[in-house]
file final-v5.cif (mmCIF, C-alpha atoms and all ligand atoms)
data_upload
loop_
_atom_site.label_atom_id
_atom_site.label_comp_id
_atom_site.auth_asym_id
_atom_site.auth_seq_id
_atom_site.Cartn_x
_atom_site.Cartn_y
_atom_site.Cartn_z
CA MET A 1 -157.55 -28.61 -26.92
CA GLN A 2 -154.16 -26.86 -26.83
CA ARG A 3 -154.39 -24.54 -29.83
CA PHE A 4 -157.11 -22.83 -31.83
CA LEU A 5 -155.44 -21.98 -35.12
CA ASP A 6 -157.78 -23.21 -37.86
CA LEU A 7 -161.26 -24.80 -37.95
CA ALA A 8 -159.73 -27.36 -40.32
CA ASP A 9 -157.67 -28.72 -37.39
CA HIS A 10 -160.95 -29.84 -35.81
CA SER A 11 -163.44 -32.43 -36.97
CA ARG A 12 -166.99 -31.35 -37.75
CA ASP A 13 -168.09 -33.07 -34.52
CA GLU A 14 -165.49 -31.13 -32.50
CA VAL A 15 -166.73 -27.87 -33.99
CA ILE A 16 -170.32 -28.80 -33.17
CA ASP A 17 -169.21 -29.60 -29.61
CA LEU A 18 -167.61 -26.13 -29.30
CA LEU A 19 -170.81 -24.53 -30.61
CA ALA A 20 -172.86 -26.48 -28.09
CA LEU A 21 -170.57 -25.25 -25.30
CA ALA A 22 -170.95 -21.66 -26.55
CA GLN A 23 -174.72 -22.07 -26.46
CA HIS A 24 -174.57 -23.64 -22.98
CA LEU A 25 -172.47 -20.77 -21.63
CA GLN A 26 -174.95 -18.27 -23.07
CA VAL A 27 -177.88 -19.96 -21.34
CA LYS A 28 -176.05 -20.93 -18.14
CA PRO A 29 -173.17 -18.51 -17.47
CA GLU A 30 -170.19 -19.73 -15.42
CA PRO A 31 -168.81 -16.50 -13.94
CA THR A 32 -165.96 -18.17 -12.01
CA ALA A 33 -164.94 -20.91 -14.48
CA LEU A 34 -161.61 -19.24 -15.35
CA ALA A 35 -160.97 -17.46 -12.03
CA GLY A 36 -157.24 -16.83 -11.60
CA LYS A 37 -156.49 -17.32 -15.32
CA ILE A 38 -154.87 -14.64 -17.47
CA LEU A 39 -155.23 -14.22 -21.23
CA GLY A 40 -152.57 -12.28 -23.16
CA LEU A 41 -153.66 -10.55 -26.38
CA LEU A 42 -151.04 -9.37 -28.88
CA PHE A 43 -152.43 -7.20 -31.68
CA MET A 44 -150.04 -6.45 -34.54
CA ASN A 45 -153.04 -4.94 -36.41
CA PRO A 46 -156.14 -2.94 -35.39
CA SER A 47 -159.39 -4.44 -34.11
CA LEU A 48 -162.69 -3.51 -32.54
CA ARG A 49 -164.62 -6.80 -32.21
CA THR A 50 -161.76 -9.22 -31.57
CA LEU A 51 -160.17 -7.02 -28.92
CA ALA A 52 -163.37 -6.20 -27.06
CA SER A 53 -164.98 -9.65 -27.33
CA PHE A 54 -161.93 -11.52 -26.01
CA GLN A 55 -161.56 -9.14 -23.07
CA ALA A 56 -165.29 -9.22 -22.28
CA GLY A 57 -165.50 -13.01 -22.68
CA MET A 58 -162.54 -13.58 -20.37
CA LEU A 59 -164.09 -11.28 -17.73
CA ARG A 60 -167.45 -13.07 -18.02
CA LEU A 61 -165.69 -16.35 -17.21
CA GLY A 62 -163.96 -14.84 -14.17
CA GLY A 63 -160.52 -14.41 -15.76
CA GLN A 64 -158.40 -11.38 -16.62
CA SER A 65 -156.60 -10.23 -19.74
CA PHE A 66 -153.88 -7.84 -20.88
CA VAL A 67 -153.51 -6.28 -24.32
CA ILE A 68 -150.28 -5.40 -26.14
CA THR A 69 -150.46 -3.24 -29.28
CA PRO A 70 -146.80 -2.80 -30.30
CA GLY A 71 -145.79 0.81 -30.84
CA GLN A 72 -148.62 2.12 -28.66
CA GLY A 73 -147.04 2.36 -25.24
CA THR A 74 -144.79 -0.63 -25.93
CA TRP A 75 -141.79 -1.17 -28.21
CA GLN A 76 -142.39 -1.62 -31.89
CA VAL A 77 -141.97 -5.32 -32.65
CA GLU A 78 -140.18 -6.88 -35.63
CA MET A 79 -141.72 -10.02 -37.17
CA ARG A 80 -139.34 -10.70 -40.08
CA SER A 81 -136.88 -13.53 -39.61
CA GLY A 82 -133.29 -12.45 -40.18
CA ALA A 83 -134.15 -8.73 -40.09
CA VAL A 84 -131.36 -6.21 -39.44
CA MET A 85 -133.13 -4.23 -36.76
CA ASP A 86 -131.72 -0.78 -37.43
CA GLY A 87 -135.17 0.81 -37.99
CA ALA A 88 -138.13 1.62 -35.75
CA SER A 89 -138.54 -1.85 -34.15
CA ALA A 90 -136.64 -2.28 -30.89
CA GLU A 91 -137.83 -5.82 -30.08
CA HIS A 92 -138.28 -9.05 -32.05
CA VAL A 93 -141.20 -11.48 -31.71
CA ARG A 94 -138.59 -14.15 -30.92
CA GLU A 95 -138.18 -12.52 -27.52
CA ALA A 96 -141.54 -10.74 -27.17
CA ILE A 97 -143.76 -13.82 -27.58
CA PRO A 98 -142.00 -16.12 -25.06
CA VAL A 99 -141.86 -13.21 -22.59
CA LEU A 100 -145.59 -12.50 -22.95
CA ALA A 101 -146.39 -16.22 -22.78
CA SER A 102 -144.54 -16.44 -19.46
CA TYR A 103 -146.98 -13.90 -17.98
CA CYS A 104 -150.24 -15.55 -19.03
CA ASP A 105 -152.10 -18.87 -19.26
CA ALA A 106 -153.12 -18.48 -22.92
CA LEU A 107 -152.00 -16.13 -25.67
CA GLY A 108 -153.88 -14.81 -28.70
CA ILE A 109 -152.13 -13.15 -31.62
CA ARG A 110 -153.46 -11.10 -34.54
CA ALA A 111 -150.99 -10.67 -37.41
CA PHE A 112 -152.38 -9.95 -40.86
CA ALA A 113 -150.84 -11.02 -44.15
CA ASP A 114 -147.64 -9.37 -45.25
CA GLY A 115 -149.40 -8.89 -48.60
CA LYS A 116 -146.28 -9.20 -50.75
CA ASP A 117 -145.61 -12.89 -51.34
CA LEU A 118 -148.78 -14.97 -51.85
CA ALA A 119 -147.04 -18.34 -51.37
CA MET A 120 -145.53 -17.20 -48.07
CA ASP A 121 -148.87 -15.89 -46.83
CA LEU A 122 -150.76 -19.01 -47.95
CA ALA A 123 -148.25 -21.14 -46.03
CA GLU A 124 -148.82 -18.99 -42.92
CA THR A 125 -145.03 -18.91 -42.62
CA ARG A 126 -144.85 -15.96 -40.23
CA PHE A 127 -147.82 -16.97 -38.07
CA ARG A 128 -146.57 -20.53 -37.69
CA MET A 129 -143.18 -19.18 -36.62
CA MET A 130 -144.89 -17.01 -34.00
CA ALA A 131 -147.09 -19.88 -32.80
CA SER A 132 -143.97 -22.03 -32.37
CA LEU A 133 -142.58 -19.43 -29.92
CA CYS A 134 -145.51 -19.84 -27.53
CA ASP A 135 -145.53 -22.71 -25.03
CA LYS A 136 -149.03 -21.87 -23.74
CA PRO A 137 -152.48 -22.49 -25.23
CA PHE A 138 -152.56 -20.36 -28.34
CA ILE A 139 -155.34 -18.62 -30.31
CA ASN A 140 -155.35 -17.31 -33.88
CA MET A 141 -157.09 -13.92 -33.72
CA GLU A 142 -156.62 -13.51 -37.53
CA SER A 143 -153.58 -14.53 -39.50
CA ALA A 144 -152.58 -14.17 -43.15
CA VAL A 145 -155.24 -16.51 -44.54
CA ASN A 146 -157.38 -17.52 -41.57
CA HIS A 147 -159.82 -16.11 -39.05
CA PRO A 148 -161.17 -19.16 -37.19
CA CYS A 149 -162.90 -17.15 -34.45
CA GLN A 150 -164.94 -15.26 -37.05
CA ALA A 151 -165.72 -18.48 -38.90
CA LEU A 152 -166.93 -20.18 -35.71
CA ALA A 153 -169.12 -17.19 -34.83
CA ASP A 154 -170.60 -17.19 -38.34
CA TRP A 155 -171.40 -20.92 -38.09
CA LYS A 156 -173.17 -20.27 -34.78
CA THR A 157 -175.06 -17.34 -36.29
CA MET A 158 -176.43 -19.59 -39.03
CA ASP A 159 -177.38 -22.26 -36.47
CA ASP A 160 -179.15 -19.60 -34.36
CA LEU A 161 -181.10 -18.50 -37.44
CA GLY A 162 -182.04 -22.03 -38.43
CA VAL A 163 -180.23 -21.83 -41.79
CA PRO A 164 -180.47 -25.37 -43.24
CA ARG A 165 -177.30 -27.42 -43.07
CA ARG A 166 -177.61 -28.02 -46.83
CA GLY A 167 -178.64 -24.42 -47.55
CA LYS A 168 -177.12 -22.31 -50.32
CA PHE A 169 -174.33 -20.05 -49.04
CA VAL A 170 -173.07 -17.35 -51.41
CA LEU A 171 -169.76 -15.73 -50.53
CA SER A 172 -169.66 -12.62 -52.70
CA TRP A 173 -166.71 -10.35 -53.39
CA VAL A 174 -167.58 -6.69 -52.79
CA TYR A 175 -165.76 -3.48 -53.59
CA HIS A 176 -163.27 -1.74 -51.29
CA PRO A 177 -160.95 1.15 -52.11
CA ARG A 178 -157.89 -1.05 -51.59
CA ALA A 179 -156.90 -4.71 -51.60
CA LEU A 180 -157.83 -6.42 -48.34
CA PRO A 181 -156.39 -9.72 -47.01
CA LEU A 182 -157.71 -13.20 -47.86
CA ALA A 183 -158.15 -14.30 -44.24
CA VAL A 184 -161.93 -13.91 -43.91
CA PRO A 185 -162.94 -15.21 -47.38
CA ALA A 186 -160.60 -18.19 -46.96
CA ALA A 187 -161.94 -19.01 -43.49
CA THR A 188 -165.55 -18.42 -44.55
CA VAL A 189 -165.57 -20.63 -47.64
CA HIS A 190 -164.02 -23.44 -45.60
CA MET A 191 -166.43 -22.98 -42.70
CA ALA A 192 -169.55 -23.10 -44.89
CA ALA A 193 -168.19 -26.19 -46.69
CA GLN A 194 -167.40 -27.89 -43.35
CA ARG A 195 -170.95 -27.08 -42.19
CA GLY A 196 -172.16 -29.07 -45.22
CA MET A 197 -173.62 -26.24 -47.30
CA GLU A 198 -173.90 -25.64 -51.05
CA VAL A 199 -171.21 -22.96 -51.25
CA VAL A 200 -170.89 -20.61 -54.22
CA VAL A 201 -168.04 -18.11 -54.45
CA LEU A 202 -169.26 -15.17 -56.53
CA ARG A 203 -166.54 -12.81 -57.72
CA PRO A 204 -165.48 -10.73 -60.72
CA GLU A 205 -162.78 -11.85 -63.16
CA GLY A 206 -159.38 -11.67 -61.52
CA TYR A 207 -160.64 -12.30 -57.99
CA ALA A 208 -160.74 -16.11 -57.92
CA LEU A 209 -159.57 -17.33 -54.52
CA PRO A 210 -156.20 -19.13 -54.65
CA ASP A 211 -156.25 -22.83 -55.57
CA ALA A 212 -155.00 -23.81 -52.11
CA VAL A 213 -157.96 -22.04 -50.48
CA MET A 214 -160.48 -23.66 -52.83
CA GLN A 215 -158.90 -27.12 -52.51
CA LYS A 216 -159.15 -26.93 -48.74
CA ALA A 217 -162.83 -25.96 -49.03
CA HIS A 218 -163.47 -28.79 -51.52
CA ALA A 219 -161.90 -31.26 -49.07
CA ALA A 220 -164.13 -29.99 -46.26
CA ALA A 221 -167.19 -30.27 -48.51
CA ALA A 222 -166.27 -33.82 -49.50
CA ALA A 223 -166.11 -34.79 -45.81
CA SER A 224 -169.36 -33.06 -44.82
CA GLY A 225 -171.51 -33.82 -47.87
CA GLY A 226 -171.49 -30.21 -49.04
CA ALA A 227 -170.41 -28.69 -52.36
CA VAL A 228 -168.24 -25.77 -53.47
CA SER A 229 -168.28 -23.91 -56.80
CA GLU A 230 -167.36 -20.48 -58.10
CA THR A 231 -168.79 -18.15 -60.72
CA THR A 232 -168.79 -14.60 -62.08
CA ASP A 233 -172.53 -14.86 -62.86
CA ARG A 234 -174.24 -12.86 -60.13
CA ARG A 235 -177.81 -13.72 -61.11
CA ALA A 236 -177.17 -17.48 -61.18
CA ALA A 237 -175.19 -17.37 -57.94
CA LEU A 238 -177.84 -15.52 -55.96
CA GLU A 239 -180.74 -17.68 -57.18
CA GLY A 240 -182.23 -19.46 -54.17
CA ALA A 241 -179.53 -18.28 -51.74
CA HIS A 242 -180.20 -18.80 -48.03
CA VAL A 243 -177.25 -16.57 -47.07
CA ILE A 244 -175.42 -13.83 -48.94
CA TYR A 245 -172.09 -13.25 -47.18
CA ALA A 246 -170.25 -10.20 -48.51
CA LYS A 247 -166.50 -9.74 -48.20
CA GLU A 248 -163.82 -7.54 -49.74
CA TRP A 249 -160.51 -9.10 -50.82
CA GLY A 250 -157.56 -8.27 -53.04
CA SER A 251 -156.87 -9.94 -56.37
CA PRO A 252 -154.55 -12.93 -55.94
CA MET A 253 -153.51 -12.29 -59.58
CA HIS A 254 -151.87 -8.99 -58.59
CA TYR A 255 -150.80 -9.90 -55.05
CA GLY A 256 -148.34 -7.31 -53.78
CA ASP A 257 -148.80 -5.06 -56.85
CA ALA A 258 -151.08 -2.28 -55.58
CA GLU A 259 -151.10 -0.32 -58.85
CA ALA A 260 -152.19 -3.26 -61.03
CA GLU A 261 -154.74 -4.25 -58.41
CA THR A 262 -156.19 -0.73 -58.33
CA ARG A 263 -156.54 -0.74 -62.13
CA LEU A 264 -158.38 -4.07 -61.98
CA ARG A 265 -160.83 -2.99 -59.27
CA GLN A 266 -161.51 0.55 -60.53
CA PRO A 267 -164.50 -0.41 -62.77
CA LEU A 268 -166.03 -2.73 -60.14
CA GLY A 269 -167.88 -0.15 -58.04
CA ASP A 270 -171.23 -1.84 -58.74
CA TRP A 271 -170.11 -4.77 -56.55
CA CYS A 272 -171.91 -3.08 -53.65
CA VAL A 273 -174.68 -5.25 -52.15
CA ARG A 274 -178.11 -3.69 -52.67
CA GLU A 275 -181.62 -4.91 -51.87
CA SER A 276 -182.04 -5.91 -55.53
CA TRP A 277 -179.39 -8.64 -54.96
CA PHE A 278 -182.03 -10.51 -52.96
CA ASP A 279 -184.66 -10.55 -55.75
CA GLN A 280 -183.84 -14.12 -56.83
CA ALA A 281 -182.69 -15.30 -53.41
CA ASN A 282 -184.64 -17.48 -51.00
CA ARG A 283 -187.48 -15.48 -49.43
CA ASP A 284 -185.84 -15.69 -45.99
CA CYS A 285 -182.31 -15.02 -47.23
CA HIS A 286 -179.98 -13.53 -44.59
CA PHE A 287 -177.23 -10.98 -45.18
CA MET A 288 -173.90 -11.50 -43.39
CA HIS A 289 -170.58 -9.60 -43.18
CA CYS A 290 -167.82 -9.92 -40.59
CA LEU A 291 -167.44 -6.13 -40.08
CA PRO A 292 -166.02 -3.55 -40.28
CA VAL A 293 -167.88 -2.57 -43.44
CA ARG A 294 -167.81 0.58 -45.57
CA ARG A 295 -171.40 1.72 -46.01
CA ASN A 296 -172.47 2.47 -49.58
CA VAL A 297 -169.12 1.23 -50.89
CA ALA A 298 -169.26 -2.49 -50.06
CA VAL A 299 -172.88 -2.68 -48.82
CA ALA A 300 -175.73 -0.18 -49.22
CA ASP A 301 -177.50 1.38 -46.23
CA GLU A 302 -180.76 -0.26 -47.38
CA VAL A 303 -179.22 -3.71 -46.75
CA LEU A 304 -177.29 -2.92 -43.56
CA ASP A 305 -180.34 -1.22 -42.05
CA GLY A 306 -182.80 -3.76 -43.45
CA SER A 307 -184.49 -6.77 -41.86
CA ARG A 308 -182.18 -9.37 -43.50
CA CYS A 309 -179.02 -7.98 -41.95
CA ARG A 310 -177.32 -10.22 -39.34
CA VAL A 311 -174.03 -8.37 -38.83
CA ILE A 312 -174.69 -7.40 -35.19
CA GLY A 313 -175.62 -10.98 -34.29
CA GLU A 314 -172.43 -12.25 -35.93
CA ALA A 315 -170.34 -9.81 -33.91
CA ALA A 316 -172.19 -10.71 -30.69
CA ASN A 317 -171.50 -14.38 -31.36
CA ARG A 318 -167.76 -13.65 -31.46
CA MET A 319 -167.83 -13.36 -27.67
CA ALA A 320 -170.00 -16.46 -27.22
CA VAL A 321 -167.82 -18.79 -29.30
CA GLN A 322 -164.54 -17.38 -27.99
CA MET A 323 -165.74 -18.05 -24.44
CA ALA A 324 -166.17 -21.68 -25.49
CA VAL A 325 -162.67 -21.72 -27.00
CA LEU A 326 -161.16 -20.18 -23.85
CA TYR A 327 -163.06 -22.65 -21.67
CA ARG A 328 -161.75 -25.65 -23.63
CA LEU A 329 -158.18 -24.29 -23.72
CA LEU A 330 -157.99 -23.35 -20.05
CA LYS A 331 -160.41 -25.70 -18.29
CA GLY A 332 -160.71 -28.67 -20.63
N1 LIG B 401 -164.45 -9.12 -37.70
C1 LIG B 401 -163.38 -8.73 -36.98
O1 LIG B 401 -162.44 -9.50 -36.74
O2 LIG B 401 -163.47 -7.47 -36.50
P1 LIG B 401 -162.24 -6.65 -35.89
O3 LIG B 401 -161.22 -6.50 -37.02
O4 LIG B 401 -162.82 -5.34 -35.47
O5 LIG B 401 -161.64 -7.43 -34.77
#

call {"tool": "encode", "arguments": {"input": "final-v5.cif", "output": "structure tokens"}}
result
Amino acid sequence: MQRFLDLADHSRDEVIDLLALAQHLQVKPEPTALAGKILGLLFMNPSLRTLASFQAGMLRLGGQSFVITPGQGTWQVEMRSGAVMDGASAEHVREAIPVLASYCDALGIRAFADGKDLAMDLAETRFRMMASLCDKPFINMESAVNHPCQALADWKTMDDLGVPRRGKFVLSWVYHPRALPLAVPAATVHMAAQRGMEVVVLRPEGYALPDAVMQKAHAAAAASGGAVSETTDRRAALEGAHVIYAKEWGSPMHYGDAEAETRLRQPLGDWCVRESWFDQANRDCHFMHCLPVRRNVAVADEVLDGSRCRVIGEAANRMAVQMAVLYRLLKG
């Protein structure tokens, strides 16, 4: 494996192999496996889990890492192609990425969606340009419409919990004060489809995921024997659910138009997951969210503090699966 950009680049069997390696490394740690190796981490956007779990995972395998957060002790970095750099940015990714790659054995980059042009973000135009500048093993730590490390950790979390392969997985839109990127919902719907689940995307009018995202999930479901559908009917969606996965995202209908988006979401404050959402669900239904989460805005305390909540396990699994990814990239 040379790159970890998208779970869709890997067959279901390859993903299962990575998950088995993650499990193996949890049970039988290899504290010198990556001795002498260096991981570079470039964060164009904030993080808690991704930053800490990659650093901790690399240390647990005997390697080292360095972190660059442009503008915080380093130059501000420009990502736009053709930009006239007469503003705050003193350095372009065209130089910064090859320079950083020359110092390390693998490089991870986080660069969220630009949030202005949906077609450009769906095509991952900027992230693909940045990936092309790196001649070392490369990791997507969240791009415009993908978060493969989160998706892999969520798959492992469901395996750990014994969620049936054909179980019902409900990805539900939840409220947030502003429009958030499509990366996690897009990665999540694909992951659950690739796992072979009955996937239902539950969302209010105006928040349908883009066709390209749904088509990719449908293709994964066709290959795995799963199914994907979407609805605005909360009661029907939650009926018999094995997993309710909550996520906030912005309306693709008003992409890049914050005012119109705010008007659309203003009356949707009741899209906050409460215990009553589980009334029609499977008795053992689990609650999942990638974090960070706004308590009592997206998800009520009673759910986050309740016995169904798996958010800490999901976050813990970030380190486990990323150790497997690093192992495959750097050791084979
Ligand atoms: N879920 C996730 O990627 O968390 P961070 O944004 O804190 O890295």

call {"tool": "residues_near_ligand", "arguments": {"input": "final-v5.cif", "ligand": "ligand LIG 401 (chain B)", "cutoff": "7 Å", "atoms": "all atoms listed in the file", "output": "ChimeraX atom specification"}}
result
/A:46-51,150,290-292

call {"tool": "write_last_selection", "arguments": {"input": "final-v5.cif", "atoms": "C-alpha atoms", "output": "CSV table (one decimal), in the coordinates of the input"}}
result
chain,number,residue,atom,x,y,z
A,46,PRO,CA,-156.1,-2.9,-35.4
A,47,SER,CA,-159.4,-4.4,-34.1
A,48,LEU,CA,-162.7,-3.5,-32.5
A,49,ARG,CA,-164.6,-6.8,-32.2
A,50,THR,CA,-161.8,-9.2,-31.6
A,51,LEU,CA,-160.2,-7.0,-28.9
A,150,GLN,CA,-164.9,-15.3,-37.0
A,290,CYS,CA,-167.8,-9.9,-40.6
A,291,LEU,CA,-167.4,-6.1,-40.1
A,292,PRO,CA,-166.0,-3.6,-40.3

call {"tool": "closest_residue", "arguments": {"input": "final-v5.cif", "among": "A:Ala187, A:Ile244, A:Met79, A:Val145", "to": "Leu171 of chain A", "atoms": "only C-alpha atoms"}}
result
A:Ile244

call {"tool": "residues_around", "arguments": {"input": "final-v5.cif", "residues": "Met191 of chain A", "least_positions_apart": "2", "cutoff": "9 Å", "atoms": "only C-alpha atoms", "output": "ChimeraX atom specification"}}
result
/A:7-8,148,151-152,154-155,186-189,193-196,217,220

call {"tool": "residues_around", "arguments": {"input": "final-v5.cif", "residues": "Ala179 of chain A", "least_positions_apart": "5", "cutoff": "10 Å", "atoms": "only C-alpha atoms", "output": "PyMOL selection string"}}
result
chain A and resi 115+248-252+254-258+261-262+265

call {"tool": "closest_residue", "arguments": {"input": "final-v5.cif", "among": "A:Val201, A:Val184, A:Ala113, A:Cys272", "to": "Asn146 of chain A", "atoms": "all atoms listed in the file"}}
result
A:Val184

call {"tool": "closest_residue", "arguments": {"input": "final-v5.cif", "among": "A:Leu330, A:Leu61, A:Leu41, A:Ala246", "to": "Val174 of chain A", "atoms": "only C-alpha atoms"}}
result
A:Ala246

call {"tool": "atom_distance", "arguments": {"input": "final-v5.cif", "atom1": "atom CA of Glu30 of chain A", "atom2": "atom CA of Met58 of chain A"}}
result
11.0 Å

call {"tool": "closest_residue", "arguments": {"input": "final-v5.cif", "among": "A:Gln64, A:Asn45, A:Thr157, A:Ser11", "to": "Ala33 of chain A", "atoms": "all atoms listed in the file"}}
result
A:Gln64

call {"tool": "closest_residue", "arguments": {"input": "final-v5.cif", "among": "A:His218, A:Val163, A:Lys156, A:Asp6", "to": "Glu124 of chain A", "atoms": "all atoms listed in the file"}}
result
A:Asp6

call {"tool": "atom_distance", "arguments": {"input": "final-v5.cif", "atom1": "atom CA of Leu133 of chain A", "atom2": "atom CA of Ala212 of chain A"}}
result
25.8 Å

call {"tool": "atom_distance", "arguments": {"input": "final-v5.cif", "atom1": "atom CA of Leu18 of chain A", "atom2": "atom CA of Asn317 of chain A"}}
result
12.5 Å

call {"tool": "residues_around", "arguments": {"input": "final-v5.cif", "residues": "Glu95 of chain A", "least_positions_apart": "4", "cutoff": "10 Å", "atoms": "all atoms listed in the file", "output": "PyMOL selection string"}}
result
chain A and resi 77+91+99-100+133

call {"tool": "closest_residue", "arguments": {"input": "final-v5.cif", "among": "A:Val303, A:Leu202, A:Ile38, A:Ala298", "to": "Ser276 of chain A", "atoms": "all atoms listed in the file"}}
result
A:Val303

call {"tool": "residues_near_point", "arguments": {"input": "final-v5.cif", "point": "(-147.9, -2.9, -30.6)", "cutoff": "12 Å", "atoms": "only C-alpha atoms", "output": "PyMOL selection string"}}
result
chain A and resi 41-46+67-79+88-93+96+109-111

call {"tool": "write_last_selection", "arguments": {"input": "final-v5.cif", "atoms": "C-alpha atoms", "output": "mmCIF file, keeping the file's coordinate frame"}}
result
data_model
loop_
_atom_site.group_PDB
_atom_site.id
_atom_site.type_symbol
_atom_site.label_atom_id
_atom_site.label_comp_id
_atom_site.auth_asym_id
_atom_site.auth_seq_id
_atom_site.Cartn_x
_atom_site.Cartn_y
_atom_site.Cartn_z
ATOM 1 C CA LEU A 41 -153.660 -10.550 -26.380
ATOM 2 C CA LEU A 42 -151.040 -9.370 -28.880
ATOM 3 C CA PHE A 43 -152.430 -7.200 -31.680
ATOM 4 C CA MET A 44 -150.040 -6.450 -34.540
ATOM 5 C CA ASN A 45 -153.040 -4.940 -36.410
ATOM 6 C CA PRO A 46 -156.140 -2.940 -35.390
ATOM 7 C CA VAL A 67 -153.510 -6.280 -24.320
ATOM 8 C CA ILE A 68 -150.280 -5.400 -26.140
ATOM 9 C CA THR A 69 -150.460 -3.240 -29.280
ATOM 10 C CA PRO A 70 -146.800 -2.800 -30.300
ATOM 11 C CA GLY A 71 -145.790 0.810 -30.840
ATOM 12 C CA GLN A 72 -148.620 2.120 -28.660
ATOM 13 C CA GLY A 73 -147.040 2.360 -25.240
ATOM 14 C CA THR A 74 -144.790 -0.630 -25.930
ATOM 15 C CA TRP A 75 -141.790 -1.170 -28.210
ATOM 16 C CA GLN A 76 -142.390 -1.620 -31.890
ATOM 17 C CA VAL A 77 -141.970 -5.320 -32.650
ATOM 18 C CA GLU A 78 -140.180 -6.880 -35.630
ATOM 19 C CA MET A 79 -141.720 -10.020 -37.170
ATOM 20 C CA ALA A 88 -138.130 1.620 -35.750
ATOM 21 C CA SER A 89 -138.540 -1.850 -34.150
ATOM 22 C CA ALA A 90 -136.640 -2.280 -30.890
ATOM 23 C CA GLU A 91 -137.830 -5.820 -30.080
ATOM 24 C CA HIS A 92 -138.280 -9.050 -32.050
ATOM 25 C CA VAL A 93 -141.200 -11.480 -31.710
ATOM 26 C CA ALA A 96 -141.540 -10.740 -27.170
ATOM 27 C CA ILE A 109 -152.130 -13.150 -31.620
ATOM 28 C CA ARG A 110 -153.460 -11.100 -34.540
ATOM 29 C CA ALA A 111 -150.990 -10.670 -37.410
#

call {"tool": "residues_around", "arguments": {"input": "final-v5.cif", "residues": "Arg3 of chain A", "least_positions_apart": "3", "cutoff": "10 Å", "atoms": "all atoms listed in the file", "output": "ChimeraX atom specification"}}
result
/A:6,9,106-108,131,136-140,325,328-329

call {"tool": "residues_around", "arguments": {"input": "final-v5.cif", "residues": "segment 52-56 of chain A", "least_positions_apart": "4", "cutoff": "7 Å", "atoms": "only C-alpha atoms", "output": "CSV table (one decimal) with C-alpha atoms, in the coordinates of the input"}}
result
chain,number,residue,atom,x,y,z
A,48,LEU,CA,-162.7,-3.5,-32.5
A,60,ARG,CA,-167.4,-13.1,-18.0
A,65,SER,CA,-156.6,-10.2,-19.7
A,318,ARG,CA,-167.8,-13.6,-31.5
A,319,MET,CA,-167.8,-13.4,-27.7
A,322,GLN,CA,-164.5,-17.4,-28.0

call {"tool": "build_atoms", "arguments": {"input": "final-v5.cif", "residues": "segment 197-206 of chain A", "atoms": "N, CA, C and O atoms", "output": "mmCIF file, in the frame of the given file"}}
result
data_model
loop_
_atom_site.group_PDB
_atom_site.id
_atom_site.type_symbol
_atom_site.label_atom_id
_atom_site.label_comp_id
_atom_site.auth_asym_id
_atom_site.auth_seq_id
_atom_site.Cartn_x
_atom_site.Cartn_y
_atom_site.Cartn_z
ATOM 1 N N MET A 197 -172.733 -27.060 -46.472
ATOM 2 C CA MET A 197 -173.620 -26.240 -47.300
ATOM 3 C C MET A 197 -173.263 -26.326 -48.787
ATOM 4 O O MET A 197 -172.193 -26.820 -49.154
ATOM 5 N N GLU A 198 -174.178 -25.815 -49.621
ATOM 6 C CA GLU A 198 -173.900 -25.640 -51.050
ATOM 7 C C GLU A 198 -173.272 -24.251 -51.178
ATOM 8 O O GLU A 198 -173.958 -23.228 -51.133
ATOM 9 N N VAL A 199 -171.955 -24.228 -51.306
ATOM 10 C CA VAL A 199 -171.210 -22.960 -51.250
ATOM 11 C C VAL A 199 -170.902 -22.483 -52.661
ATOM 12 O O VAL A 199 -170.384 -23.243 -53.484
ATOM 13 N N VAL A 200 -171.233 -21.212 -52.928
ATOM 14 C CA VAL A 200 -170.890 -20.610 -54.220
ATOM 15 C C VAL A 200 -170.050 -19.364 -53.946
ATOM 16 O O VAL A 200 -170.465 -18.491 -53.180
ATOM 17 N N VAL A 201 -168.869 -19.316 -54.551
ATOM 18 C CA VAL A 201 -168.040 -18.110 -54.450
ATOM 19 C C VAL A 201 -168.328 -17.269 -55.687
ATOM 20 O O VAL A 201 -168.074 -17.692 -56.816
ATOM 21 N N LEU A 202 -168.901 -16.096 -55.453
ATOM 22 C CA LEU A 202 -169.260 -15.170 -56.530
ATOM 23 C C LEU A 202 -168.243 -14.045 -56.536
ATOM 24 O O LEU A 202 -168.049 -13.380 -55.501
ATOM 25 N N ARG A 203 -167.594 -13.852 -57.684
ATOM 26 C CA ARG A 203 -166.540 -12.810 -57.720
ATOM 27 C C ARG A 203 -166.299 -12.385 -59.166
ATOM 28 O O ARG A 203 -166.568 -13.145 -60.101
ATOM 29 N N PRO A 204 -165.786 -11.163 -59.352
ATOM 30 C CA PRO A 204 -165.480 -10.730 -60.720
ATOM 31 C C PRO A 204 -164.243 -11.437 -61.254
ATOM 32 O O PRO A 204 -163.496 -12.067 -60.475
ATOM 33 N N GLU A 205 -164.003 -11.302 -62.567
ATOM 34 C CA GLU A 205 -162.780 -11.850 -63.160
ATOM 35 C C GLU A 205 -161.568 -11.274 -62.439
ATOM 36 O O GLU A 205 -161.536 -10.088 -62.135
ATOM 37 N N GLY A 206 -160.615 -12.126 -62.167
ATOM 38 C CA GLY A 206 -159.380 -11.670 -61.520
ATOM 39 C C GLY A 206 -159.392 -11.826 -60.011
ATOM 40 O O GLY A 206 -158.378 -11.588 -59.351
#
